[in-house]
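Asks: Can you keep this structure in mind? I'll have questions shortly.
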Number of protein chains: 4
Amino acid sequence: MTDVKGDRSQPPSAQADPDMYLHISKRTPDGVYIRGAKAHQTGAINSHWLVVMPTLRLQPNEADFAIVGALPVDAAGITYVVGRQSCDTRGLESEMEAGNARFSGQEALVIFEDAFIPNELIFMNGETDFTAMLVERFTAFHRRSYVCKAGVGDVLIGAAALAAEYHGVENSSHIRDKLVEMTYLNETIYATGMASSYQSHLTASGAYLCDQLLANVCKQQVTRVTYEMARLAQDLAGGLLVTMPSQADHQQQQIGPLVDKYLRARQDVPTENRMRILRLIENLTLGRNAVGYLTESLHGAGSPQAQRIQIQRQMDLGAKKSLAKNLSGIR
Amino acid sequence: MTDVKGDRSQPPSAQADPDMYLHISKRTPDGVYIRGAKAHQTGAINSHWLVVMPTLRLQPNEADFAIVGALPVDAAGITYVVGRQSCDTRGLESEMEAGNARFSGQEALVIFEDAFIPNELIFMNGETDFTAMLVERFTAFHRRSYVCKAGVGDVLIGAAALAAEYHGVENSSHIRDKLVEMTYLNETIYATGMASSYQSHLTASGAYLCDQLLANVCKQQVTRVTYEMARLAQDLAGGLLVTMPSQADHQQQQIGPLVDKYLRARQDVPTENRMRILRLIENLTLGRNAVGYLTESLHGAGSPQAQRIQIQRQMDLGAKKSLAKNLSGIR
Amino acid sequence: MTDVKGDRSQPPSAQADPDMYLHISKRTPDGVYIRGAKAHQTGAINSHWLVVMPTLRLQPNEADFAIVGALPVDAAGITYVVGRQSCDTRGLESEMEAGNARFSGQEALVIFEDAFIPNELIFMNGETDFTAMLVERFTAFHRRSYVCKAGVGDVLIGAAALAAEYHGVENSSHIRDKLVEMTYLNETIYATGMASSYQSHLTASGAYLCDQLLANVCKQQVTRVTYEMARLAQDLAGGLLVTMPSQADHQQQQIGPLVDKYLRARQDVPTENRMRILRLIENLTLGRNAVGYLTESLHGAGSPQAQRIQIQRQMDLGAKKSLAKNLSGIR
Amino acid sequence: MTDVKGDRSQPPSAQADPDMYLHISKRTPDGVYIRGAKAHQTGAINSHWLVVMPTLRLQPNEADFAIVGALPVDAAGITYVVGRQSCDTRGLESEMEAGNARFSGQEALVIFEDAFIPNELIFMNGETDFTAMLVERFTAFHRRSYVCKAGVGDVLIGAAALAAEYHGVENSSHIRDKLVEMTYLNETIYATGMASSYQSHLTASGAYLCDQLLANVCKQQVTRVTYEMARLAQDLAGGLLVTMPSQADHQQQQIGPLVDKYLRARQDVPTENRMRILRLIENLTLGRNAVGYLTESLHGAGSPQAQRIQIQRQMDLGAKKSLAKNLSGIR
């Protein structure tokens with residue numbers, strides 16, 4: 001969905017380079033050709049199909065930008081440029097060093113150089129009047145889906161609790177309190193997402209649409225809570241999180257036994273376990289999965305300000321003012 | 001429910017004065033007599049019945065404290081001492097000065113001096129094993145009910161928006177942003193409360209019990225969000241909120257016209273309307289209804305720490321640790 | 001300093017009523033006559049002299065508004081309208097009920113109807129070019145002076161600690177932690193204020209001017225920290241803060257002994273002491289001194305947005321951008 | 001200073017392995033031999049001398065742990081194990097990819113296997129009575145020194161402002177407001193650190209000791225403010241921060257021109273400049289310098305709870321309670 005946007009102070013039709021927003025470059029009786037690029041496409045490389053759609057409301061003179069359609073990922077004219085991630089090369093080193101060796105994601109810049117969409121796979125073609133509604137509804141679903149960060153949060157809470165357990169401090173009152181704080185914060189993500197879904201309404205098409213105001217509230221909450229949780233997890237992890245020797249040193253013949261001896265915390269917990277849990281917290285708060293847990297929590301499905309604009313549209317100040325007038329005796 | 005508790009470092013059975021927790025003072029074939037006091041009883045004066053219940057888990061030797069029963073409010077042996085509220089005497093002055101003249105609440109200290117509960121109105125009598133479950137379930141319902149503060153929040157947002165409108169600044173970007181922030185915060189109360197209800201489960205009795213973890217999360221959120229909303233509302237109200245002359249001065253023959261002239265903001269808004277909306281915000285953030293909107297949001301249905309204890313009990317660290325172990329490769 | 005301002009979207013010279021900003025109404029060889037009103041004048045009633053000055057930068061055509069001069073408080077043509085305060089009439093009841101019976105403040109709307117300033121007491125007269133500098137420098141001193149709220153904060157911390165002591169919970173870990181949090185927050189006010197003073201620089205006049213950026217940072221900190229401290233103090237005080245019976249009930253012949261018995265917390269602390277400390281916390285967070293500790297902390301010496309505008313002017317983004325360019329290798 | 005500590009629930013003398021705290025392993029007429037390890041030693045590799053000192057207060061039976069002395073970094077018996085850092089191998093790739101190619105730091109685990117300190121370089125030897133004072137004073141200096149993070153903060157503010165400028169949005173009100181917020185937060189670090197220094201007092205030795213309470217307040221502020229600033233910087237940077245293709249792709253023959261075309265924001269700003277500034281923000285908030293700017297801000301010179309313990313010791317509740325008693329009329 002997200003175009004690269006060029007100069008943000010200009011609409012699609014006024015960009016110096018028209019390719020800054022994906023658009024129809026040629027029309028044929030059988031379909032359309034498209035040009036442009038979509039940024040930040042999470043999971044593009046391990047998908048089967050791409051669906052392109054406009055990223056913002058369009059004006060009547062921008063019909064060429066109002067294109068929704070599907071393409072197989074290996075269609076002619078599509079180029080994928082995979083982005084860097086924090087600590088991305090760490091995964092090439094060793095299973096333990098990766099922190100979370102079996103799971104990660106990737107984002108790609110997807111470039112379309114006259115890629116073809118046949119008529120039967122076109123879902124919108126020039127209906128600029130409907131782009132605002134499309135964007136609003138799509139982002140409601142998308143923002144509500146950020147409830148998934150509560151699941152990542154559960155992992156982070158568990159990892160922080162394990163670190164405290166391995167250090168022998170999990171019954172300290174301030175440690176318990178920080179785990180409670182993390183849980184409380186995490187559950188506000190879960191609850192706002194679930195409330196948005198429970199309050200869905202049936203649309204004319206037969207599909208349910210989640211509560212848009214609450215979907216935006218959920219996403220806004222995600223943009224703040226995840227960072228505070230990462231801070232608390234790093235607090236519980238201790239400074240070794242960022243000064244810990246490598247697995248290679250831990251396994252090296254001369255140095256290894258020293259590293260093992262000196263990094264042991266509780267006697268009954270293998271040093272390796274402590275190292276593994278710290279690598280997981282590093283992965284989630286500074287490494288590859290911090291990309292998804294933190295920065296994507298800010299910008300995915302729209303940056304914080306985008307949610308605020310939607311909240312402003314839907315907050316119905318008129319009704320709230322009426323309540324205040326009534327109670328204060330203003331006629 | 002809330003006993004006066006005496007010395008908080010001692011349980012009911014170890015208090016110097018046994019009346020610090022309500023208890024059975026005499027048993028007869030027809031019922032029981034009770035002594036003690038319940039504090040902070042909101043709406044006690046305008047109720048028809050009182051239901052007394054224990055305020056905390058009890059030990060086997062504390063059976064006399066394990067009493068749940070109903071009494072009509074005018075039963076013999078009950079004394080009500082109504083508490084002070086901020087600005088309580090303001091309501092005796094004038095409708096406009098009161099801020100919100102038609103609605104308010106009251107709390108009473110309810111003292112029981114050998115008041116009688118007949119057998120047919122006794123619901124628990126000595127079953128100390130069940131007091132912990134009773135308290136936990138009751139507080140889940142009660143804490144979830146604090147979703148009501150989202151309704152008060154709607155009024156406060158509306159009042160703050162009206163103040164901005166009357167001042168001629170409602171389109172200023174920082175003003176709009178503060179109204180968005182208030183709405184966002186307010187909706188997190190609504191959403192956590194609703195999610196707790198939607199995720200209720202059916203108990204053996206046929207009654208539904210709301211999700212206890214989310215009920216505690218809702219109440220914890222209420223203890224923080226309301227204060228920040230009050231701060232933002234005062235920000236939008238302007239300093240006149242606490243320096244505004246009285247209605248008596250506004251209506252006084254010589255001074256009144258001067259007050260009216262100098263307190264006018266936008267020419268097309270009567271000064272009185274501006275004064276009314278500021279008195280409402282004062283009422284909600286410093287006056288009688290601040291008691292309910294702020295301090296009761298902290299302590300009603302249990303103080304913040306009480307929610308944290310429940311969240312700790314229900315946060316299931318074991319499951320979360322398993323997730324972290326699995327992902328980090330700890331066997 | 002603060003004019004009543006009328007419609008905030010218009011400058012002084014464009015107000016429907018020119019008296020919305022104080023201005024010269026007549027000039028004579030001996031001095032000037034002024035009209036208008038100053039709002040929120042803290043301590044006006046117990047002062048000997050008033051000094052009037054413009055509240056914002058002025059344009060060349062607004063010379064009549066560029067007046068600084070001194071008047072004795074009882075000069076002809078000045079009217080004082082004292083404002084309401086939360087719980088103001090409580091002070092008429094009893095020493096104990098007042099919470100802090102010996103100290104409070106007052107604010108007045110001060111109206112000037114052709115009051116006279118003789119030439120020898122005029123310090124600015126039409127020099128519109130200097131009004132911006134005057135306002136900026138004056139507010140720097142004024143905003144830095146909000147370090148005084150750290151002193152009020154000390155009282156509030158002490159009161160909250162006493163409440164915890166009287167309740168028998170002062171060694172509970174979460175209680176201690178909240179007192180530490182209050183102290184930490186309070187000291188950030190003290191430190192930002194002191195740093196602004198220590199980094200004063202000598203001006204050509206021989207007077208020292210405090211660091212303007214830090215003065216604004218100090219005041220901005222005050223607008224947030226005080227509210228969080230009030231919330232924490234109310235947390236430590238317990239719900240009785242807003243449901244406590246009156247002193248009249250405590251001293252009444254029949255009810256008094258019951259109130260005394262049931263409001264006792266620790267056996268060795270007189271109930272009256274507990275009541276006194278709660279009345280003080282009420283006074284500081286909801287009552288007369290909440291006006292000064294909270295709302296005035298927001299709006300006194302300029303509302304939060306006013307500090308942000310000054311911080312923006314003084315934050316020197318150019319220098320900061322240069323640092324970033326240098327480190328990132330941008331030439 | 002920081003020992004590896006082993007099981008945190010046990011003091012040095014009760015550890016299963018005595019080497020968990022650095023201690024004297026042998027005494028000779030010429031000096032002492034030491035065993036143990038110091039963790040997280042920032043800059044150890046580029047220093048000339050090491051000074052070892054105890055990390056906590058010691059008991060009389062722990063005299064062997066009360067050793068302060070100096071060793072050249074290449075003394076016999078010392079082993080350095082350099083720790084991993086987030087994105088550490090990125091620096092091996094290219095100047096631009098590193099984000100901040102010319103500056104970084106390193107931490108080492110420093111292991112002492114019977115390293116020798118001659119008598120003339122021993123500054124404490126068994127004086128356990130003085131270890132608490134030594135630790136308190138040292139940490140006061142060390143915590144106050146975290147004012148340095150305000151300098152890093154200036155770079156981050158500048159980088160975020162440049163990103164906004166390059167995107168063409170730096171005059172948007174919410175963008176400006178976030179830069180103001182970052183500056184305000186950053187200056188609270190600067191101010192608390194400076195206030196601590198200005199309020200130093202002269203000790204008997206002739207050295208000045210900074211204000212200990214404010215030093216701890218400064219460090220506590222650093223543990224929170226830096227994370228919020230990193231969040232705001234990532235907000236201003238946009239999602240490209242974590243999805244941006246590599247410099248190798250940007251310079252590759254076929255893909256390079258596409259990357260350059262599609263990542264251009266404002267037409268007059270080279271794509272490379274935009275990439276450079278985003279790499280710097282990545283470096284500071286997720287990469288090598290996030291180690292120093294974030295996690296070290298938490299744990300360096302003591303974790304957050306360590307500051308809270310010191311603040312508790314120095315907050316003088318007695319004096320604060322006296323103020324509250326006096327004002328509330330408690331005798």
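Letters A, B, ... mark the chains of the structure tokens in the order given; residue numbers begin at 1 per chain; ligand numbers begin at 1, in order shown.
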Only residues of chain B matter here; which ones have an atom within 7 Å of chain A, counting only C-alpha atoms? Give them as number ranges by chain.
Replies: B: 99-100, 154-155, 157-159, 161-162, 180, 183-184, 188, 191-192, 194-195, 217, 273, 276-277, 280, 308, 311-312, 315, 317, 320-321, 323-324, 327-328, 330
Asks: Identify, on the basis of only C-alpha atoms, every residue whose closest approach to Gly36 of chain D does not exceed 12 Å; exclude the query and any residue fewer than 6 positions from it along the same chain; express the result as a PyMOL selection string.
Replies: (chain A and resi 258-259+261-263) or (chain D and resi 1-6+12+17-25+52-54+64-65+67+77-79+109-115)
Asks: Point out the residue among A:Val81, A:Glu107, A:Gly126, A:Arg27 with the least atom-to-atom distance to Val68 of chain A, counting only C-alpha atoms.
Replies: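 The shortest atom-to-atom distance to Val68 of chain A comes from A:Gly126.
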Asks: May I have all residues of segment 9-123 of chain D that DSSP, computed from the backbone, assigns to strand (DSSP E or B), given as an MDAnalysis selection string?
Replies: chainID D and resid 23:28 31:42 49:52 67:72 78:82 107:118 122:123
Asks: Please report the interatomic distance between atom CA of Val269 of chain D and atom CA of Ala233 of chain D in Å with one decimal.
Replies: 19.9 Å
